[in-house]
Amino acid sequence: MTREQQASHNLNTVASAVVQQTIEGQKYTAADIRALAKRHQVAYTETATDAWARDVTRLAGDDVSLDEIELLLIALQRAGHLSRPEALKLQVNYLREAKL
């Protein structure tokens, strides 16, 4: 296995562990999601499509804004560290926890 393959495998293992622990009932707080992004050196960067979607949403009269944690989940998914279903599970748990 090459170094790149090993690194990719390690990242996928960590992401899977995070999602599995969340599924098993352990809460993952905003701090945990921040730590995951930091571990993978991932930060959210707005794309042209993101800006377009924000403007369309605003012009449609909708008030949708993602917070820092939700943007980090998008960044982790875009970087390949989380699958879409994994990111959604983490977001749902984060939002449920935020309600408390």
# chains A, B, ... in the order shown; residues from 1 in each chain; ligands from 1

call {"tool": "residues_around", "arguments": {"residues": "Leu66 in chain A", "least_positions_apart": "5", "cutoff": "12 Å", "atoms": "only C-alpha atoms", "output": "PDB file with C-alpha atoms, in the first residue's frame"}}
result
ATOM      1  CA  TYR A  44     -14.542  25.668   4.580  1.00  0.00           C
ATOM      2  CA  GLU A  46     -16.917  29.247  -0.305  1.00  0.00           C
ATOM      3  CA  ASP A  50     -22.072  28.362  -2.892  1.00  0.00           C
ATOM      4  CA  ARG A  54     -26.852  31.840  -1.240  1.00  0.00           C
ATOM      5  CA  LEU A  71     -19.852  24.535   6.942  1.00  0.00           C
ATOM      6  CA  LEU A  72     -17.067  22.381   8.418  1.00  0.00           C
ATOM      7  CA  LEU A  73     -19.161  19.281   7.725  1.00  0.00           C
ATOM      8  CA  ILE A  74     -19.493  20.404   4.090  1.00  0.00           C
ATOM      9  CA  GLN A  91     -25.343  17.263  11.145  1.00  0.00           C
ATOM     10  CA  LEU A  95     -28.626  20.037  15.398  1.00  0.00           C
TER      11      LEU A  95
END

call {"tool": "residues_around", "arguments": {"residues": "Ala87 in chain A", "least_positions_apart": "3", "cutoff": "10 Å", "atoms": "only C-alpha atoms", "output": "VMD selection string"}}
result
chain A and resid 15 19 70 72 to 77 81 to 84 90 to 93

call {"tool": "atom_distance", "arguments": {"atom1": "CA of Asp63 in chain A", "atom2": "CA of Arg34 in chain A"}}
result
24.7 Å
